[in-house]
Amino acid sequence: MRGYTDTPVIPGQTWKVHDAARPRPVKVAPGRPLASLPAPGDAEILFDGGSLEKWQMKSRAGEFAPANWKVENGYVEIVSPKGMRWNLVTKEKYGDCQLHLEWMIPAEVNGKGQAGGNSGVELMSRYEVQVLESYENVTYADGQAASIYGQYPPLVNVSPRKGEWNSYDIFFEAPRFEGEKLVKPAVVTVVHNGVLVQHHKEILGPAAHRRTGVYKAHEEEPLSLQDHGHPVRYRNIWVRRVKGE
């Protein structure tokens with residue numbers, strides 16, 4: 001499926017959610033090869049290639065279990081028994097932050113559209129930066145790699161071939177609420193493989209499929225890596241808490 005024609009218009013835009021007619025970003029090769037660099041001295045290491053001690057599993061029903069994705073060769077890979085999708089979530093909760101991680105769609109993944117190695121980085125467990133094979137795989141523009149899912153395509157497509165590592169550097173400002181009222185939406189900037197692809201974008205609400213999400217007041221929540229049933233790999237994950245206003 002490359003898009004839809006029967007979904008609502010995205011607030012503040014002319015395009016519908018997952019609009020089949022929305023232009024897809026042009027492909028741009030990154031100006032340098034990906035280098036997996038050490039974390040800054042004040043960063044919290046969430047995954048160093050060997051231990052998932054800072055993570056746990058969370059089911060769609062809200063149940064928790066020990067982290068059990070496959071760890072080998074310095075990366076963690078999604079393991080999704082059929083019919084049992086459990087996200088990998090941090091034990092700690094985060095608000096404003098700088099997040100770095102690296103991800104790969106294995107070369108053997110052959111799905112098309114949203115089945116092309118689908119996962120996602122979920123800030124506060126609800127605001128999603130999409131993970132997908134987008135070098136050759138075609139899907140709706142607001143659902144390809146580095147999109148703010150269902151809201152904004154990336155400015156350009158910097159995806160490499162399957163089997164090659166990607167990096168995300170995400171700068172996130174949490175939403176602000178007064179009681180149940182939203183007073184400031186979440187804001188995100190995303191650098192994909194060294195290229196700015198989301199520039200201080202106001203997030204319109206939680207990620208949602210074929211509809212627009214609606215803000216509901218919440219506190220800090222865990223970071224989450226989405227299990228969408230595909231064997232996506234992650235490595236070198238660290239986060240820095242950023243003091244907000």
# chains A, B, ... in the order shown; residues from 1 in each chain; ligands from 1
call {"tool": "residues_around", "arguments": {"residues": "region 125-136 of chain A", "least_positions_apart": "5", "cutoff": "8 Å", "atoms": "only C-alpha atoms", "output": "PyMOL selection string"}}
result
chain A and resi 89+105+114+116-120+143-149+157-162+203+205-207+221-224
call {"tool": "residues_around", "arguments": {"residues": "Phe171 (chain A)", "least_positions_apart": "3", "cutoff": "9 Å", "atoms": "only C-alpha atoms", "output": "ChimeraX atom specification"}}
result
/A:96-100,187-191,200
call {"tool": "select_by_dssp", "arguments": {"residues": "region 5-184 of chain A", "states": "strand (DSSP E)", "output": "ChimeraX atom specification"}}
result
/A:44-47,55-59,64-66,70-72,75-77,86-90,97-104,119-123,127-131,166-173,176-178,181-184
call {"tool": "write_last_selection", "arguments": {"atoms": "C-alpha atoms", "output": "CSV table (one decimal), in the first residue's frame"}}
result
chain,number,residue,atom,x,y,z
A,44,GLU,CA,23.2,7.8,30.0
A,45,ILE,CA,24.1,4.7,28.1
A,46,LEU,CA,20.9,2.8,27.3
A,47,PHE,CA,22.5,0.0,25.2
A,55,TRP,CA,15.1,-2.0,29.4
A,56,GLN,CA,12.0,-4.1,29.8
A,57,MET,CA,9.2,-5.4,27.5
A,58,LYS,CA,5.8,-3.8,27.3
A,59,SER,CA,2.8,-5.4,25.6
A,64,PHE,CA,5.5,-5.7,31.5
A,65,ALA,CA,8.1,-8.5,31.2
A,66,PRO,CA,11.9,-8.8,31.3
A,70,LYS,CA,18.0,-11.0,20.8
A,71,VAL,CA,21.4,-9.5,21.7
A,72,GLU,CA,24.4,-10.5,19.6
A,75,TYR,CA,23.3,-5.1,18.5
A,76,VAL,CA,19.8,-5.9,19.7
A,77,GLU,CA,17.3,-7.4,17.2
A,86,TRP,CA,6.1,-6.4,22.8
A,87,ASN,CA,7.9,-3.1,22.6
A,88,LEU,CA,11.3,-2.6,24.2
A,89,VAL,CA,10.9,0.3,26.7
A,90,THR,CA,13.3,2.0,29.1
A,97,CYS,CA,16.2,15.0,25.8
A,98,GLN,CA,18.8,14.4,23.2
A,99,LEU,CA,18.7,10.8,21.9
A,100,HIS,CA,21.2,8.9,19.7
A,101,LEU,CA,20.7,5.5,18.3
A,102,GLU,CA,21.7,3.5,15.3
A,103,TRP,CA,19.5,1.0,13.4
A,104,MET,CA,19.6,-1.4,10.5
A,119,SER,CA,9.8,-0.2,13.6
A,120,GLY,CA,9.9,3.2,15.3
A,121,VAL,CA,11.5,5.3,17.9
A,122,GLU,CA,8.7,6.4,20.3
A,123,LEU,CA,9.4,9.4,22.4
A,127,TYR,CA,5.5,10.4,19.5
A,128,GLU,CA,7.1,8.3,16.7
A,129,VAL,CA,10.0,8.8,14.4
A,130,GLN,CA,9.6,6.1,11.8
A,131,VAL,CA,12.1,3.3,11.1
A,166,ASN,CA,21.6,4.3,10.0
A,167,SER,CA,22.0,6.9,12.7
A,168,TYR,CA,19.3,9.1,14.3
A,169,ASP,CA,20.1,12.1,16.5
A,170,ILE,CA,16.9,13.3,17.9
A,171,PHE,CA,16.4,16.5,19.9
A,172,PHE,CA,13.0,16.4,21.7
A,173,GLU,CA,11.1,19.0,23.7
A,176,ARG,CA,3.6,21.1,28.4
A,177,PHE,CA,0.2,20.9,30.0
A,178,GLU,CA,-1.7,22.9,32.6
A,181,LYS,CA,-5.0,21.7,28.8
A,182,LEU,CA,-2.1,21.6,26.2
A,183,VAL,CA,-0.2,24.8,26.4
A,184,LYS,CA,2.8,23.9,24.3
call {"tool": "atom_distance", "arguments": {"atom1": "CA of Gln13 (chain A)", "atom2": "CA of Pro30 (chain A)"}}
result
28.4 Å
call {"tool": "residues_around", "arguments": {"residues": "His209 (chain A)", "least_positions_apart": "5", "cutoff": "12 Å", "atoms": "only C-alpha atoms", "output": "compact mmCIF listing (two decimals) with C-alpha atoms, in the first residue's frame"}}
result
# COMPACT_ATOMS: atom_id res chain seq x y z
CA GLY A 3 -1.01 5.57 0.52
CA TYR A 4 -4.66 6.34 1.12
CA THR A 7 -8.19 9.64 5.55
CA PRO A 8 -8.65 13.02 7.30
CA LYS A 16 -4.41 13.86 4.20
CA VAL A 17 -2.93 11.38 6.67
CA HIS A 18 -0.84 8.87 4.66
CA ASP A 19 -1.92 10.68 1.48
CA GLN A 114 4.87 -0.67 5.72
CA GLU A 128 7.06 8.33 16.72
CA TYR A 140 3.26 6.92 1.86
CA ASP A 142 4.56 10.50 6.06
CA GLY A 143 5.37 6.88 6.85
CA ILE A 148 7.13 11.97 12.11
CA TYR A 149 4.67 9.18 11.57
CA GLY A 150 1.42 10.26 10.00
CA GLN A 151 2.36 13.95 10.16
call {"tool": "closest_residue", "arguments": {"among": "A:Gly31, A:Asn236, A:Asp6, A:Arg24", "to": "Leu196 (chain A)", "atoms": "only C-alpha atoms"}}
result
A:Gly31
call {"tool": "atom_distance", "arguments": {"atom1": "CA of Met84 (chain A)", "atom2": "CA of His230 (chain A)"}}
result
12.0 Å
call {"tool": "closest_residue", "arguments": {"among": "A:Val79, A:Pro231, A:Gly74, A:Tyr215", "to": "Asn110 (chain A)", "atoms": "only C-alpha atoms"}}
result
A:Pro231
call {"tool": "residues_around", "arguments": {"residues": "Gly113 (chain A)", "least_positions_apart": "3", "cutoff": "8 Å", "atoms": "only C-alpha atoms", "output": "ChimeraX atom specification"}}
result
/A:1-2,116,137-140
call {"tool": "closest_residue", "arguments": {"among": "A:Ala115, A:Leu155, A:Ala208, A:Val239", "to": "Lys54 (chain A)", "atoms": "only C-alpha atoms"}}
result
A:Val239
call {"tool": "atom_distance", "arguments": {"atom1": "CA of Ala21 (chain A)", "atom2": "CA of Val156 (chain A)"}}
result
17.0 Å
call {"tool": "closest_residue", "arguments": {"among": "A:Pro154, A:Lys27, A:Arg233, A:Val242", "to": "Asn73 (chain A)", "atoms": "only C-alpha atoms"}}
result
A:Arg233
call {"tool": "closest_residue", "arguments": {"among": "A:Ala107, A:Ala217, A:Val232, A:Ala67", "to": "Lys91 (chain A)", "atoms": "only C-alpha atoms"}}
result
A:Ala67
